[in-house]
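*Asks:* After the structure tokens below, expect a handful of questions from me.
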Amino acid sequence: MPLAPSETKPETLPSYLPLSELTYIVQTGRIPNALLFHGPRGTGKKQAALFFAQACNCRANSGRPCNTCVSCKKISAGVHPDMIFLGPADNKKIITISQIREIGGIIASRANEAAFRMVCICHADLMNPQAQNALLKMLEEPPRRTFFILAVERTTPLLPTILSRCRRIDFQALADHEIKTILCTQYGLDPETAHIISGTAGSNLDQALRLSGLNKGEAPDRKSLRTWLIKEICGFLTTPKHQSSFKGLDLSRLLSARPEYIHDAMAVIRTVFRDFCILKYMPDKIVNLDFLSVFKDISKVHSYSRILTWITLFHETEKRLESNSGIRLTLDRFFLSLSLFE
């Protein structure tokens, strides 16, 4: 089913997005049948899609959203009936032909109220070959006043015939200090919180907004994930050895019960082990400054070689998760390896 976008207002859009190019397209009145938004994860492709959809349908007709007309407000709130978002189904790794055919059925009818209807396919590089061929037929003969946006991290999985029918717009990755500046200046976070969140998310702005609770479409407990998880990890690392296996398996159970949180949880765990690694030499450079005293106490009872082994085990676990290994078994293996390591 189409996915509702998280609320994003034009005035809060990061200034690094290619908005000027999108504005120029709208001002010329030559809306392409398909746009390819290409760039690393978390670089604002979904926000830019909303901006473009608003600009195409804005009653002010200036090339940029006014955010005050009915159309702009509906798109911003994620309730416009002609703004269609599609991505992999829950807990799935691909976009299937049945999903594309469902979209085809929707756009076969006239748009409800939009001047230009949008179909935004998030993670379009995850379409299987059958889905791509079904989409290609739509791109070859798109319905009137309907445009597609394909948001991708990689272009290689896409058919050359699809790429040739899209106008490509590239999105650039940000450094963590740039994300910190955005969080402070555009979202009003205090510098210490922005430092922690940007250090955890790296170049992924979307993840930074999730972890800081700034994405209004996210569950409210997303903001508390980092603090809860770090406390759990610290508790696991300080549990007596004969009990640590049980503690680790319980933590694995809790994490695997929320698979939609795994990507963010792994980012948090990565920063914890990184902080332990550099704590001895550069304590002022750690990410999780609010746990500095706790980390210092834990580092006193673990050797540096053990900490390096933690990092190795963590990277192996990341690779297994990326290769579609079962979440529960992979995390069980990870925490048991940590608890049994001498």
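Going by the structure tokens order, chains are called A, B, ..., each with residues numbered from 1, while ligands are numbered from 1 in the order shown.
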Which neighbours of segment 175-178 of chain A fall inside 8 Å, counting only C-alpha atoms, when residues of the same chain fewer than 3 positions from it are skipped, and could you give them as a PyMOL selection string?
*Replies:* chain A and resi 181-182+195+198-199+201-203
*Asks:* Using only C-alpha atoms, please write the residues we just selected to a file, as a compact mmCIF listing (two decimals), in the first residue's frame.
*Replies:*
```txt
# COMPACT_ATOMS: atom_id res chain seq x y z
CA THR A 181 24.92 22.62 12.30
CA ILE A 182 21.59 21.75 10.65
CA HIS A 195 26.88 16.60 18.79
CA SER A 198 25.11 13.78 14.59
CA GLY A 199 27.97 11.60 15.80
CA ALA A 201 23.99 9.18 12.64
CA GLY A 202 27.18 10.03 10.74
CA SER A 203 26.15 11.34 7.30
```
*Asks:* List every residue of segment 83-314 of chain A that DSSP, applied to the backbone, labels as helix (DSSP H, G or I), and write the result as a PyMOL selection string.
*Replies:* chain A and resi 97-107+124-126+129-140+160-163+176-185+191-201+205-211+220-222+225-238+241-256+259-279+283-285+289-299+304-314
*Asks:* Neighbouring residues of segment 154-156 of chain A were defined as those with any atom within 8 Å, considering only C-alpha atoms; residues of the same chain fewer than 4 positions away were excluded. Please report them as a JSON list (two decimals) with C-alpha atoms, in the first residue's frame.
*Replies:*
```json
[["chain", "number", "residue", "atom", "x", "y", "z"],
["A", 38, "HIS", "CA", 20.33, 9.52, -6.44],
["A", 39, "GLY", "CA", 22.44, 9.72, -3.30],
["A", 125, "ASP", "CA", 16.84, 0.20, -6.41],
["A", 163, "LEU", "CA", 17.56, 5.18, -16.20]]
```
*Asks:* Let's see if you can do this: from backbone DSSP, list all strand (DSSP E) residues in segment 15-212 of chain A, as a VMD selection string.
*Replies:* chain A and resid 34 to 38 83 to 86 117 to 122 146 to 152 167 to 170
*Asks:* Restricted to C-alpha atoms, what would the selected residues look like written as a PDB file, in the first residue's frame?
*Replies:*
```pdb
ATOM      1  CA  ALA A  34      10.277  10.705 -14.151  1.00  0.00           C
ATOM      2  CA  LEU A  35      13.009  12.027 -11.868  1.00  0.00           C
ATOM      3  CA  LEU A  36      15.806   9.939 -10.382  1.00  0.00           C
ATOM      4  CA  PHE A  37      16.931  11.164  -6.947  1.00  0.00           C
ATOM      5  CA  HIS A  38      20.326   9.517  -6.439  1.00  0.00           C
ATOM      6  CA  MET A  83       0.695  11.977  -3.412  1.00  0.00           C
ATOM      7  CA  ILE A  84       1.590   8.285  -3.552  1.00  0.00           C
ATOM      8  CA  PHE A  85       4.589   6.839  -1.717  1.00  0.00           C
ATOM      9  CA  LEU A  86       5.737   3.280  -2.225  1.00  0.00           C
ATOM     10  CA  ARG A 117       0.023  13.693  -9.256  1.00  0.00           C
ATOM     11  CA  MET A 118       3.225  12.218  -7.783  1.00  0.00           C
ATOM     12  CA  VAL A 119       4.301   8.603  -7.426  1.00  0.00           C
ATOM     13  CA  CYS A 120       7.440   8.454  -5.268  1.00  0.00           C
ATOM     14  CA  ILE A 121       9.142   5.061  -5.081  1.00  0.00           C
ATOM     15  CA  CYS A 122      11.460   5.055  -2.071  1.00  0.00           C
ATOM     16  CA  THR A 146       1.501  12.261 -13.373  1.00  0.00           C
ATOM     17  CA  PHE A 147       5.206  12.166 -12.606  1.00  0.00           C
ATOM     18  CA  PHE A 148       7.365   9.529 -10.943  1.00  0.00           C
ATOM     19  CA  ILE A 149      10.233  10.073  -8.516  1.00  0.00           C
ATOM     20  CA  LEU A 150      12.622   7.154  -8.025  1.00  0.00           C
ATOM     21  CA  ALA A 151      14.735   7.601  -4.884  1.00  0.00           C
ATOM     22  CA  VAL A 152      17.807   5.362  -4.946  1.00  0.00           C
ATOM     23  CA  ARG A 167      16.078  13.085 -15.221  1.00  0.00           C
ATOM     24  CA  ARG A 168      18.815  12.477 -12.674  1.00  0.00           C
ATOM     25  CA  ILE A 169      19.403  14.719  -9.659  1.00  0.00           C
ATOM     26  CA  ASP A 170      22.292  13.889  -7.316  1.00  0.00           C
TER      27      ASP A 170
END
```
*Asks:* Can you work out the spacing between atom CA of Thr161 of chain A and atom CA of Gly63 of chain A in Å, to one decimal?
*Replies:*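 These atoms are spaced 29.6 Å apart.
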*Asks:* Can you list every residue of segment 229-250 of chain A that has an atom at most 10 Å from segment 327-338 of chain A, with its nearest atom pair and the distance in Å to one decimal, using only C-alpha atoms, ordered by chain then number, as CSV?
*Replies:*
```
residue,atom,partner,partner_atom,distance
A:Ile233,CA,A:Phe335,CA,9.9
A:Phe236,CA,A:Phe335,CA,9.0
A:Leu237,CA,A:Leu338,CA,8.7
A:Ser244,CA,A:Leu336,CA,8.3
A:Ser245,CA,A:Leu336,CA,5.7
A:Phe246,CA,A:Leu336,CA,8.7
A:Lys247,CA,A:Phe335,CA,8.7
A:Gly248,CA,A:Phe335,CA,5.0
A:Leu249,CA,A:Asp332,CA,5.7
A:Asp250,CA,A:Asp332,CA,8.9
```
*Asks:* Write the residues of the selection above to a file with N, CA, C and O atoms, as a tab-separated table (two decimals), in the first residue's frame.
*Replies:*
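Once everything was written out, this is again03.tsv:
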```
chain	number	residue	atom	x	y	z
A	233	ILE	N	23.49	-1.83	27.18
A	233	ILE	CA	24.83	-2.31	26.79
A	233	ILE	C	25.79	-2.21	27.97
A	233	ILE	O	26.57	-3.13	28.25
A	236	PHE	N	25.05	-4.87	30.39
A	236	PHE	CA	25.54	-6.16	29.88
A	236	PHE	C	27.04	-6.29	30.11
A	236	PHE	O	27.53	-7.35	30.54
A	237	LEU	N	27.80	-5.22	29.84
A	237	LEU	CA	29.25	-5.28	29.97
A	237	LEU	C	29.72	-5.32	31.42
A	237	LEU	O	30.89	-5.67	31.68
A	244	SER	N	26.17	-13.05	32.21
A	244	SER	CA	26.17	-12.17	31.04
A	244	SER	C	25.51	-12.80	29.82
A	244	SER	O	24.89	-12.11	29.00
A	245	SER	N	25.61	-14.13	29.68
A	245	SER	CA	24.98	-14.80	28.54
A	245	SER	C	23.47	-14.60	28.58
A	245	SER	O	22.84	-14.31	27.55
A	246	PHE	N	22.87	-14.76	29.76
A	246	PHE	CA	21.43	-14.57	29.89
A	246	PHE	C	21.04	-13.12	29.62
A	246	PHE	O	20.03	-12.84	28.97
A	247	LYS	N	21.87	-12.19	30.12
A	247	LYS	CA	21.61	-10.77	29.89
A	247	LYS	C	21.67	-10.44	28.40
A	247	LYS	O	20.84	-9.71	27.86
A	248	GLY	N	22.69	-11.00	27.71
A	248	GLY	CA	22.86	-10.75	26.28
A	248	GLY	C	21.71	-11.31	25.46
A	248	GLY	O	21.21	-10.65	24.53
A	249	LEU	N	21.27	-12.53	25.79
A	249	LEU	CA	20.16	-13.14	25.05
A	249	LEU	C	18.86	-12.36	25.27
A	249	LEU	O	18.03	-12.26	24.35
A	250	ASP	N	18.69	-11.83	26.47
A	250	ASP	CA	17.49	-11.03	26.73
A	250	ASP	C	17.51	-9.73	25.92
A	250	ASP	O	16.49	-9.32	25.38
```
*Asks:* Mind checking which residues fall within 12 Å of Thr309 of chain A, counting only C-alpha atoms, ignoring those fewer than 5 positions away in the same chain, and posting them as a PyMOL selection string?
*Replies:* chain A and resi 273-274+276-277+302-304+314-316+334+337-342
